[in-house]
file model.pdb (PDB, C-alpha atoms and all ligand atoms)
ATOM      1  CA  MET A 204     -15.339  -6.414 -15.195
ATOM      2  CA  LYS A 205     -13.957  -9.244 -13.096
ATOM      3  CA  ILE A 206     -11.795  -9.297 -10.009
ATOM      4  CA  ILE A 207      -9.054 -11.887  -9.784
ATOM      5  CA  CYS A 208      -7.467 -12.397  -6.382
ATOM      6  CA  ILE A 209      -4.158 -14.105  -5.781
ATOM      7  CA  GLY A 210      -3.944 -16.236  -2.648
ATOM      8  CA  ARG A 211      -0.835 -16.957  -0.538
ATOM      9  CA  ASN A 212       1.544 -14.697  -2.424
ATOM     10  CA  TYR A 213       3.568 -13.632   0.616
ATOM     11  CA  ILE A 214       5.471 -16.318   2.513
ATOM     12  CA  GLU A 215       4.843 -14.870   5.987
ATOM     13  CA  HIS A 216       1.095 -14.705   5.337
ATOM     14  CA  ALA A 217       0.944 -18.290   4.011
ATOM     15  CA  LYS A 218       2.692 -19.347   7.230
ATOM     16  CA  GLU A 219       0.378 -17.411   9.539
ATOM     17  CA  LEU A 220      -2.618 -19.302   8.126
ATOM     18  CA  SER A 221      -0.667 -22.600   8.216
ATOM     19  CA  ASN A 222      -0.846 -22.927   4.437
ATOM     20  CA  PRO A 223       1.967 -24.432   2.371
ATOM     21  CA  VAL A 224       4.077 -21.978   0.361
ATOM     22  CA  PRO A 225       2.783 -22.417  -3.197
ATOM     23  CA  LYS A 226       4.912 -23.591  -6.118
ATOM     24  CA  GLU A 227       2.682 -21.795  -8.607
ATOM     25  CA  PRO A 228       0.218 -18.921  -8.185
ATOM     26  CA  MET A 229      -3.318 -19.658  -7.036
ATOM     27  CA  PHE A 230      -6.276 -17.456  -7.711
ATOM     28  CA  PHE A 231      -9.970 -17.062  -7.070
ATOM     29  CA  MET A 232     -12.493 -14.419  -8.139
ATOM     30  CA  LYS A 233     -14.896 -11.902  -6.721
ATOM     31  CA  PRO A 234     -17.814 -10.442  -8.661
ATOM     32  CA  GLU A 235     -18.232  -6.759  -9.463
ATOM     33  CA  THR A 236     -20.889  -6.523  -6.723
ATOM     34  CA  ALA A 237     -18.122  -6.950  -4.117
ATOM     35  CA  VAL A 238     -16.674  -3.514  -4.896
ATOM     36  CA  ILE A 239     -17.014  -0.584  -2.513
ATOM     37  CA  ARG A 240     -15.656   2.746  -3.771
ATOM     38  CA  ASN A 241     -15.222   6.318  -2.577
ATOM     39  CA  ASN A 242     -14.453   5.327   1.037
ATOM     40  CA  LYS A 243     -18.045   4.249   1.595
ATOM     41  CA  PRO A 244     -18.532   2.104   4.718
ATOM     42  CA  PHE A 245     -18.364  -1.667   4.830
ATOM     43  CA  PHE A 246     -21.442  -3.170   6.455
ATOM     44  CA  TYR A 247     -20.581  -6.171   8.622
ATOM     45  CA  PRO A 248     -22.580  -9.111   7.205
ATOM     46  CA  ASP A 249     -24.845 -11.203   9.415
ATOM     47  CA  PHE A 250     -23.534 -14.556   8.101
ATOM     48  CA  SER A 251     -20.078 -14.282   9.654
ATOM     49  CA  LYS A 252     -18.575 -13.672  13.082
ATOM     50  CA  ASN A 253     -14.989 -13.475  11.871
ATOM     51  CA  ILE A 254     -14.412 -11.051   9.012
ATOM     52  CA  HIS A 255     -10.701 -10.515   8.296
ATOM     53  CA  TYR A 256      -9.012  -7.673   6.434
ATOM     54  CA  GLU A 257      -6.325  -8.511   3.859
ATOM     55  CA  THR A 258      -4.635  -5.448   2.376
ATOM     56  CA  GLU A 259      -3.441  -5.847  -1.196
ATOM     57  CA  ILE A 260      -1.964  -3.889  -4.076
ATOM     58  CA  VAL A 261      -4.425  -4.018  -6.988
ATOM     59  CA  LEU A 262      -3.563  -3.855 -10.692
ATOM     60  CA  LYS A 263      -5.972  -2.511 -13.281
ATOM     61  CA  ILE A 264      -5.779  -4.231 -16.669
ATOM     62  CA  ASN A 265      -5.703  -1.789 -19.577
ATOM     63  CA  ARG A 266      -5.766  -4.044 -22.635
ATOM     64  CA  LEU A 267      -7.195  -7.309 -23.817
ATOM     65  CA  GLY A 268      -4.883 -10.259 -23.335
ATOM     66  CA  LYS A 269      -4.763 -14.049 -23.460
ATOM     67  CA  ASN A 270      -1.648 -16.186 -22.925
ATOM     68  CA  ILE A 271       0.365 -13.058 -22.147
ATOM     69  CA  GLU A 272       4.095 -13.659 -22.033
ATOM     70  CA  GLU A 273       5.798 -12.644 -18.814
ATOM     71  CA  ARG A 274       8.162 -10.287 -20.627
ATOM     72  CA  PHE A 275       5.205  -8.363 -22.108
ATOM     73  CA  ALA A 276       2.999  -8.460 -19.014
ATOM     74  CA  HIS A 277       3.972  -4.953 -17.839
ATOM     75  CA  ARG A 278       2.198  -3.562 -20.917
ATOM     76  CA  TYR A 279      -1.137  -4.886 -19.705
ATOM     77  CA  TYR A 280      -1.537  -2.611 -16.689
ATOM     78  CA  ASP A 281      -0.700   1.038 -16.211
ATOM     79  CA  GLU A 282      -2.548   1.896 -13.019
ATOM     80  CA  ILE A 283      -2.420   0.548  -9.501
ATOM     81  CA  GLY A 284      -4.441   1.051  -6.359
ATOM     82  CA  ILE A 285      -4.974  -0.633  -3.013
ATOM     83  CA  GLY A 286      -7.877  -2.734  -1.830
ATOM     84  CA  ILE A 287      -9.092  -4.902   1.005
ATOM     85  CA  ASP A 288      -9.812  -8.555   0.281
ATOM     86  CA  PHE A 289     -12.407  -8.998   3.028
ATOM     87  CA  THR A 290     -12.663 -12.645   4.004
ATOM     88  CA  ALA A 291     -15.235 -14.393   6.162
ATOM     89  CA  ARG A 292     -12.560 -16.536   7.798
ATOM     90  CA  ASP A 293     -15.045 -18.694   9.706
ATOM     91  CA  LEU A 294     -16.872 -19.609   6.486
ATOM     92  CA  GLN A 295     -13.597 -20.072   4.615
ATOM     93  CA  ASP A 296     -12.276 -22.478   7.256
ATOM     94  CA  LYS A 297     -15.488 -24.507   7.000
ATOM     95  CA  CYS A 298     -15.281 -24.590   3.198
ATOM     96  CA  LYS A 299     -11.622 -25.609   3.278
ATOM     97  CA  ALA A 300     -12.290 -28.382   5.807
ATOM     98  CA  ALA A 301     -15.103 -29.730   3.633
ATOM     99  CA  GLY A 302     -13.079 -29.380   0.403
ATOM    100  CA  LYS A 303     -15.651 -26.909  -0.936
ATOM    101  CA  PRO A 304     -15.097 -23.740  -2.998
ATOM    102  CA  TRP A 305     -14.582 -20.521  -1.003
ATOM    103  CA  GLU A 306     -16.950 -18.197  -2.802
ATOM    104  CA  ILE A 307     -19.263 -17.495   0.135
ATOM    105  CA  ALA A 308     -16.216 -16.449   2.181
ATOM    106  CA  LYS A 309     -14.679 -14.150  -0.429
ATOM    107  CA  ALA A 310     -17.210 -13.019  -3.020
ATOM    108  CA  PHE A 311     -19.950 -11.499  -0.883
ATOM    109  CA  ASP A 312     -21.276  -7.956  -1.344
ATOM    110  CA  GLY A 313     -18.808  -5.354  -0.101
ATOM    111  CA  ALA A 314     -15.890  -7.784   0.102
ATOM    112  CA  ALA A 315     -13.654  -5.594  -2.083
ATOM    113  CA  PRO A 316     -13.261  -1.974  -0.922
ATOM    114  CA  LEU A 317     -11.050  -0.192  -3.461
ATOM    115  CA  SER A 318      -9.057   3.025  -3.619
ATOM    116  CA  GLU A 319      -8.722   5.307  -6.595
ATOM    117  CA  PHE A 320      -6.219   4.100  -9.167
ATOM    118  CA  VAL A 321      -3.132   6.094 -10.134
ATOM    119  CA  ALA A 322      -0.552   5.735 -12.888
ATOM    120  CA  LYS A 323       2.104   3.190 -11.982
ATOM    121  CA  SER A 324       4.669   5.707 -13.204
ATOM    122  CA  ASN A 325       4.048   7.608  -9.945
ATOM    123  CA  PHE A 326       6.075   4.983  -8.138
ATOM    124  CA  LYS A 327       9.831   4.529  -8.361
ATOM    125  CA  ASN A 328       9.974   0.766  -8.041
ATOM    126  CA  LEU A 329       6.960  -1.509  -8.392
ATOM    127  CA  ASN A 330       9.099  -4.400  -7.225
ATOM    128  CA  ASP A 331       9.661  -2.702  -3.866
ATOM    129  CA  LEU A 332       6.427  -0.871  -3.249
ATOM    130  CA  ASN A 333       5.598  -0.308   0.405
ATOM    131  CA  PHE A 334       2.021  -0.492   1.581
ATOM    132  CA  SER A 335       0.275  -0.706   4.912
ATOM    133  CA  LEU A 336      -2.988  -0.847   6.784
ATOM    134  CA  ASP A 337      -3.866   1.106   9.911
ATOM    135  CA  LEU A 338      -6.679  -0.216  12.086
ATOM    136  CA  ASN A 339      -8.010   2.584  14.278
ATOM    137  CA  GLY A 340      -4.751   4.464  13.812
ATOM    138  CA  LYS A 341      -2.449   1.559  14.634
ATOM    139  CA  THR A 342      -0.456  -0.113  11.836
ATOM    140  CA  VAL A 343      -1.428  -3.786  11.590
ATOM    141  CA  GLN A 344      -0.073  -4.726   8.163
ATOM    142  CA  ASN A 345       3.081  -3.449   6.583
ATOM    143  CA  GLY A 346       4.379  -5.043   3.408
ATOM    144  CA  SER A 347       6.498  -4.580   0.358
ATOM    145  CA  THR A 348       5.943  -6.067  -3.064
ATOM    146  CA  LYS A 349       9.568  -7.242  -2.900
ATOM    147  CA  ASP A 350       8.291 -10.034  -0.610
ATOM    148  CA  MET A 351       5.825 -11.407  -3.159
ATOM    149  CA  ILE A 352       6.437 -15.018  -4.113
ATOM    150  CA  PHE A 353       5.207 -14.272  -7.662
ATOM    151  CA  ASN A 354       5.641 -10.751  -9.037
ATOM    152  CA  PHE A 355       3.043  -8.800 -11.029
ATOM    153  CA  ASP A 356       4.316 -10.001 -14.408
ATOM    154  CA  VAL A 357       4.331 -13.655 -13.373
ATOM    155  CA  LEU A 358       0.780 -13.304 -12.047
ATOM    156  CA  ILE A 359      -0.531 -11.733 -15.265
ATOM    157  CA  ALA A 360       1.153 -14.393 -17.394
ATOM    158  CA  TYR A 361      -0.213 -17.172 -15.210
ATOM    159  CA  VAL A 362      -3.802 -15.931 -14.913
ATOM    160  CA  SER A 363      -4.064 -15.159 -18.628
ATOM    161  CA  ARG A 364      -3.285 -18.787 -19.517
ATOM    162  CA  PHE A 365      -6.688 -19.677 -18.089
ATOM    163  CA  VAL A 366      -8.762 -16.503 -18.219
ATOM    164  CA  THR A 367      -8.742 -13.783 -20.883
ATOM    165  CA  LEU A 368      -7.977 -10.433 -19.272
ATOM    166  CA  LYS A 369     -10.128  -7.524 -20.392
ATOM    167  CA  ILE A 370      -9.856  -3.763 -19.996
ATOM    168  CA  GLY A 371     -10.891  -2.763 -16.493
ATOM    169  CA  ASP A 372     -10.324  -6.159 -14.880
ATOM    170  CA  LEU A 373      -8.645  -5.985 -11.496
ATOM    171  CA  ILE A 374      -6.017  -8.231  -9.939
ATOM    172  CA  PHE A 375      -5.608  -8.311  -6.144
ATOM    173  CA  THR A 376      -1.992  -9.392  -5.768
ATOM    174  CA  GLY A 377      -2.013 -11.001  -2.311
ATOM    175  CA  THR A 378      -1.613  -9.863   1.262
ATOM    176  CA  PRO A 379       1.405  -9.668   3.552
ATOM    177  CA  ALA A 380       1.312 -11.010   7.123
ATOM    178  CA  GLY A 381      -0.728  -9.375   9.851
ATOM    179  CA  VAL A 382      -4.274 -10.174   8.737
ATOM    180  CA  GLY A 383      -6.877  -9.971  11.468
ATOM    181  CA  GLN A 384     -10.457  -9.352  12.491
ATOM    182  CA  VAL A 385     -12.506  -6.216  12.021
ATOM    183  CA  GLN A 386     -15.306  -5.104  14.337
ATOM    184  CA  ILE A 387     -18.201  -2.742  13.845
ATOM    185  CA  GLY A 388     -16.920   0.788  14.503
ATOM    186  CA  ASP A 389     -13.400   0.125  13.181
ATOM    187  CA  ARG A 390     -11.680   2.559  10.869
ATOM    188  CA  LEU A 391      -9.399   1.138   8.161
ATOM    189  CA  THR A 392      -6.784   3.286   6.453
ATOM    190  CA  ALA A 393      -4.690   1.791   3.658
ATOM    191  CA  LYS A 394      -1.568   3.528   2.389
ATOM    192  CA  ILE A 395       0.848   3.159  -0.493
ATOM    193  CA  GLU A 396       4.318   4.569   0.174
ATOM    194  CA  GLY A 397       2.916   6.341   3.233
ATOM    195  CA  GLU A 398       0.142   8.116   1.340
ATOM    196  CA  THR A 399      -3.479   7.390   2.301
ATOM    197  CA  PHE A 400      -5.404   5.856  -0.594
ATOM    198  CA  LEU A 401      -8.325   4.248   1.214
ATOM    199  CA  ASP A 402     -10.019   5.304   4.468
ATOM    200  CA  PHE A 403     -13.359   3.876   5.526
ATOM    201  CA  MET A 404     -15.440   2.632   8.448
ATOM    202  CA  VAL A 405     -16.928  -0.749   9.342
ATOM    203  CA  LYS A 406     -20.600  -0.303  10.216
TER     204      LYS A 406
HETATM  205 ZN    ZN B 501      -6.231 -12.005  -0.236
END
call {"tool": "encode", "arguments": {"input": "model.pdb", "output": "structure tokens", "more": "lines below"}}
Ligand code: ZN
result
Amino acid sequence: MKIICIGRNYIEHAKELSNPVPKEPMFFMKPETAVIRNNKPFFYPDFSKNIHYETEIVLKINRLGKNIEERFAHRYYDEIGIGIDFTARDLQDKCKAAGKPWEIAKAFDGAAPLSEFVAKSNFKNLNDLNFSLDLNGKTVQNGSTKDMIFNFDVLIAYVSRFVTLKIGDLIFTGTPAGVGQVQIGDRLTAKIEGETFLDFMVK
């Protein structure tokens, strides 16, 4: 299983990090060892002093595909969930400044807490899916998939030009504005359409 993460897919988030709005999707990967499930805690790593949350809708790939056409892309996922793309922003900024890859800032153990996945048919409109993150009970991110620069089908078509998608692969589809730091003792609660999917502590 591999985890593909889309960067800068919401205009307001690209702006808040002073990144240009992309003309085509960009992606990076996290390994399977980044996953945290079942609301288990995230342990703050000792190599960073600035871990950021990024709340993202996650697609689960349900069939093998390469060079998937956009018009068929919806057939390649039938479940969605929500996840946190934890980012060591201090390390990422250093990597970016030096023109180095970001892996140490994105791929570390525990950097991908994930909810359960549910059938996409549970949701009326995947192109206007509301999701949010509460930090200690206060909403800090609130987004809708209608504000994505590249929708799910475009992302699947794009990624599969380069990387064969396999059953069980996950795609983090980008974060809306409002990213910020977590601290030890924080509680993170991620919701889709107002329903809690993910609820865990930073330890
Ligand atoms: Zn992200």
call {"tool": "resolve_selection", "arguments": {"input": "model.pdb", "expression": "the PyMOL selection byres (((chain A and resi 261-263) around 12) and not hetatm)", "output": "PyMOL selection string"}}
result
chain A and resi 204-209+257-260+264-267+276-288+315-323+329+332+334+348+354-356+358-359+368-378+395+400
call {"tool": "write_last_selection", "arguments": {"input": "model.pdb", "atoms": "C-alpha atoms", "output": "PDB file, keeping the file's coordinate frame"}}
result
ATOM      1  CA  MET A 204     -15.339  -6.414 -15.195  1.00  0.00           C
ATOM      2  CA  LYS A 205     -13.957  -9.244 -13.096  1.00  0.00           C
ATOM      3  CA  ILE A 206     -11.795  -9.297 -10.009  1.00  0.00           C
ATOM      4  CA  ILE A 207      -9.054 -11.887  -9.784  1.00  0.00           C
ATOM      5  CA  CYS A 208      -7.467 -12.397  -6.382  1.00  0.00           C
ATOM      6  CA  ILE A 209      -4.158 -14.105  -5.781  1.00  0.00           C
ATOM      7  CA  GLU A 257      -6.325  -8.511   3.859  1.00  0.00           C
ATOM      8  CA  THR A 258      -4.635  -5.448   2.376  1.00  0.00           C
ATOM      9  CA  GLU A 259      -3.441  -5.847  -1.196  1.00  0.00           C
ATOM     10  CA  ILE A 260      -1.964  -3.889  -4.076  1.00  0.00           C
ATOM     11  CA  ILE A 264      -5.779  -4.231 -16.669  1.00  0.00           C
ATOM     12  CA  ASN A 265      -5.703  -1.789 -19.577  1.00  0.00           C
ATOM     13  CA  ARG A 266      -5.766  -4.044 -22.635  1.00  0.00           C
ATOM     14  CA  LEU A 267      -7.195  -7.309 -23.817  1.00  0.00           C
ATOM     15  CA  ALA A 276       2.999  -8.460 -19.014  1.00  0.00           C
ATOM     16  CA  HIS A 277       3.972  -4.953 -17.839  1.00  0.00           C
ATOM     17  CA  ARG A 278       2.198  -3.562 -20.917  1.00  0.00           C
ATOM     18  CA  TYR A 279      -1.137  -4.886 -19.705  1.00  0.00           C
ATOM     19  CA  TYR A 280      -1.537  -2.611 -16.689  1.00  0.00           C
ATOM     20  CA  ASP A 281      -0.700   1.038 -16.211  1.00  0.00           C
ATOM     21  CA  GLU A 282      -2.548   1.896 -13.019  1.00  0.00           C
ATOM     22  CA  ILE A 283      -2.420   0.548  -9.501  1.00  0.00           C
ATOM     23  CA  GLY A 284      -4.441   1.051  -6.359  1.00  0.00           C
ATOM     24  CA  ILE A 285      -4.974  -0.633  -3.013  1.00  0.00           C
ATOM     25  CA  GLY A 286      -7.877  -2.734  -1.830  1.00  0.00           C
ATOM     26  CA  ILE A 287      -9.092  -4.902   1.005  1.00  0.00           C
ATOM     27  CA  ASP A 288      -9.812  -8.555   0.281  1.00  0.00           C
ATOM     28  CA  ALA A 315     -13.654  -5.594  -2.083  1.00  0.00           C
ATOM     29  CA  PRO A 316     -13.261  -1.974  -0.922  1.00  0.00           C
ATOM     30  CA  LEU A 317     -11.050  -0.192  -3.461  1.00  0.00           C
ATOM     31  CA  SER A 318      -9.057   3.025  -3.619  1.00  0.00           C
ATOM     32  CA  GLU A 319      -8.722   5.307  -6.595  1.00  0.00           C
ATOM     33  CA  PHE A 320      -6.219   4.100  -9.167  1.00  0.00           C
ATOM     34  CA  VAL A 321      -3.132   6.094 -10.134  1.00  0.00           C
ATOM     35  CA  ALA A 322      -0.552   5.735 -12.888  1.00  0.00           C
ATOM     36  CA  LYS A 323       2.104   3.190 -11.982  1.00  0.00           C
ATOM     37  CA  LEU A 329       6.960  -1.509  -8.392  1.00  0.00           C
ATOM     38  CA  LEU A 332       6.427  -0.871  -3.249  1.00  0.00           C
ATOM     39  CA  PHE A 334       2.021  -0.492   1.581  1.00  0.00           C
ATOM     40  CA  THR A 348       5.943  -6.067  -3.064  1.00  0.00           C
ATOM     41  CA  ASN A 354       5.641 -10.751  -9.037  1.00  0.00           C
ATOM     42  CA  PHE A 355       3.043  -8.800 -11.029  1.00  0.00           C
ATOM     43  CA  ASP A 356       4.316 -10.001 -14.408  1.00  0.00           C
ATOM     44  CA  LEU A 358       0.780 -13.304 -12.047  1.00  0.00           C
ATOM     45  CA  ILE A 359      -0.531 -11.733 -15.265  1.00  0.00           C
ATOM     46  CA  LEU A 368      -7.977 -10.433 -19.272  1.00  0.00           C
ATOM     47  CA  LYS A 369     -10.128  -7.524 -20.392  1.00  0.00           C
ATOM     48  CA  ILE A 370      -9.856  -3.763 -19.996  1.00  0.00           C
ATOM     49  CA  GLY A 371     -10.891  -2.763 -16.493  1.00  0.00           C
ATOM     50  CA  ASP A 372     -10.324  -6.159 -14.880  1.00  0.00           C
ATOM     51  CA  LEU A 373      -8.645  -5.985 -11.496  1.00  0.00           C
ATOM     52  CA  ILE A 374      -6.017  -8.231  -9.939  1.00  0.00           C
ATOM     53  CA  PHE A 375      -5.608  -8.311  -6.144  1.00  0.00           C
ATOM     54  CA  THR A 376      -1.992  -9.392  -5.768  1.00  0.00           C
ATOM     55  CA  GLY A 377      -2.013 -11.001  -2.311  1.00  0.00           C
ATOM     56  CA  THR A 378      -1.613  -9.863   1.262  1.00  0.00           C
ATOM     57  CA  ILE A 395       0.848   3.159  -0.493  1.00  0.00           C
ATOM     58  CA  PHE A 400      -5.404   5.856  -0.594  1.00  0.00           C
TER      59      PHE A 400
END
call {"tool": "residues_around", "arguments": {"input": "model.pdb", "residues": "stretch 214-226 of chain A", "least_positions_apart": "6", "cutoff": "8 Å", "atoms": "only C-alpha atoms", "output": "list of chain:residue names"}}
result
A:Asp350, A:Met351, A:Ile352, A:Thr378, A:Pro379, A:Ala380, A:Gly381, A:Val382
call {"tool": "write_last_selection", "arguments": {"input": "model.pdb", "atoms": "C-alpha atoms", "output": "CSV table (one decimal), in the coordinates of the input"}}
result
chain,number,residue,atom,x,y,z
A,350,ASP,CA,8.3,-10.0,-0.6
A,351,MET,CA,5.8,-11.4,-3.2
A,352,ILE,CA,6.4,-15.0,-4.1
A,378,THR,CA,-1.6,-9.9,1.3
A,379,PRO,CA,1.4,-9.7,3.6
A,380,ALA,CA,1.3,-11.0,7.1
A,381,GLY,CA,-0.7,-9.4,9.9
A,382,VAL,CA,-4.3,-10.2,8.7
call {"tool": "axis_aligned_box", "arguments": {"input": "model.pdb", "around": "stretch 319-336 of chain A", "padding_each_side": "5 Å", "output": "AutoDock Vina command-line options"}}
result
--center_x 0.6 --center_y 1.6 --center_z -3.2 --size_x 28.7 --size_y 22.0 --size_z 30.0
call {"tool": "closest_residue", "arguments": {"input": "model.pdb", "among": "A:Cys298, A:Val405, A:Val238, A:Ala314", "to": "ligand ZN 501 (chain B)", "atoms": "all atoms listed in the file"}}
result
A:Ala314
call {"tool": "resolve_selection", "arguments": {"input": "model.pdb", "expression": "the PyMOL selection byres (((chain A and resi 312) around 9) and not hetatm)", "output": "JSON, numbers by chain"}}
result
{"A": [234, 235, 236, 237, 238, 239, 248, 310, 311, 313, 314, 315]}
call {"tool": "write_last_selection", "arguments": {"input": "model.pdb", "atoms": "C-alpha atoms", "output": "compact mmCIF listing (two decimals), keeping the file's coordinate frame"}}
result
# COMPACT_ATOMS: atom_id res chain seq x y z
CA PRO A 234 -17.81 -10.44 -8.66
CA GLU A 235 -18.23 -6.76 -9.46
CA THR A 236 -20.89 -6.52 -6.72
CA ALA A 237 -18.12 -6.95 -4.12
CA VAL A 238 -16.67 -3.51 -4.90
CA ILE A 239 -17.01 -0.58 -2.51
CA PRO A 248 -22.58 -9.11 7.20
CA ALA A 310 -17.21 -13.02 -3.02
CA PHE A 311 -19.95 -11.50 -0.88
CA GLY A 313 -18.81 -5.35 -0.10
CA ALA A 314 -15.89 -7.78 0.10
CA ALA A 315 -13.65 -5.59 -2.08
call {"tool": "closest_residue", "arguments": {"input": "model.pdb", "among": "A:Asn330, A:Lys309, A:Asp402, A:Glu396", "to": "ligand ZN 501 (chain B)", "atoms": "only C-alpha atoms and all ligand atoms"}}
result
A:Lys309
call {"tool": "atom_distance", "arguments": {"input": "model.pdb", "atom1": "atom CA of A:Ser335", "atom2": "atom CA of A:Leu391"}}
result
10.4 Å
call {"tool": "closest_residue", "arguments": {"input": "model.pdb", "among": "A:Gln384, A:Asn339, A:Asn333, A:Ser363", "to": "A:Ile271", "atoms": "all atoms listed in the file"}}
result
A:Ser363
call {"tool": "closest_residue", "arguments": {"input": "model.pdb", "among": "A:Tyr213, A:Phe403, A:Phe275, A:Phe231", "to": "A:Glu306", "atoms": "only C-alpha atoms"}}
result
A:Phe231
call {"tool": "closest_residue", "arguments": {"input": "model.pdb", "among": "A:Pro244, A:Gly268, A:Gly397, A:Gly383", "to": "ligand ZN 501 (chain B)", "atoms": "all atoms listed in the file"}}
result
A:Gly383
call {"tool": "closest_residue", "arguments": {"input": "model.pdb", "among": "A:Thr290, A:Asn242, A:Asn325, A:Thr399", "to": "ligand ZN 501 (chain B)", "atoms": "only C-alpha atoms and all ligand atoms"}}
result
A:Thr290
call {"tool": "atom_distance", "arguments": {"input": "model.pdb", "atom1": "atom CA of A:Met404", "atom2": "atom CA of A:Asp331"}}
result
28.5 Å
call {"tool": "atom_distance", "arguments": {"input": "model.pdb", "atom1": "atom CA of A:Val357", "atom2": "atom CA of A:Thr342"}}
result
29.0 Å
call {"tool": "resolve_selection", "arguments": {"input": "model.pdb", "expression": "the PyMOL selection byres (((chain A and resi 294) around 12) and not hetatm)", "output": "list in words"}}
result
Pro248, Asp249, Phe250, Ser251, Lys252, Asn253, Ile254, His255, Thr290, Ala291, Arg292, Asp293, Gln295, Asp296, Lys297, Cys298, Lys299, Ala300, Ala301, Lys303, Pro304, Trp305, Glu306, Ile307, Ala308, Lys309, Ala310 and Phe311 of chain A
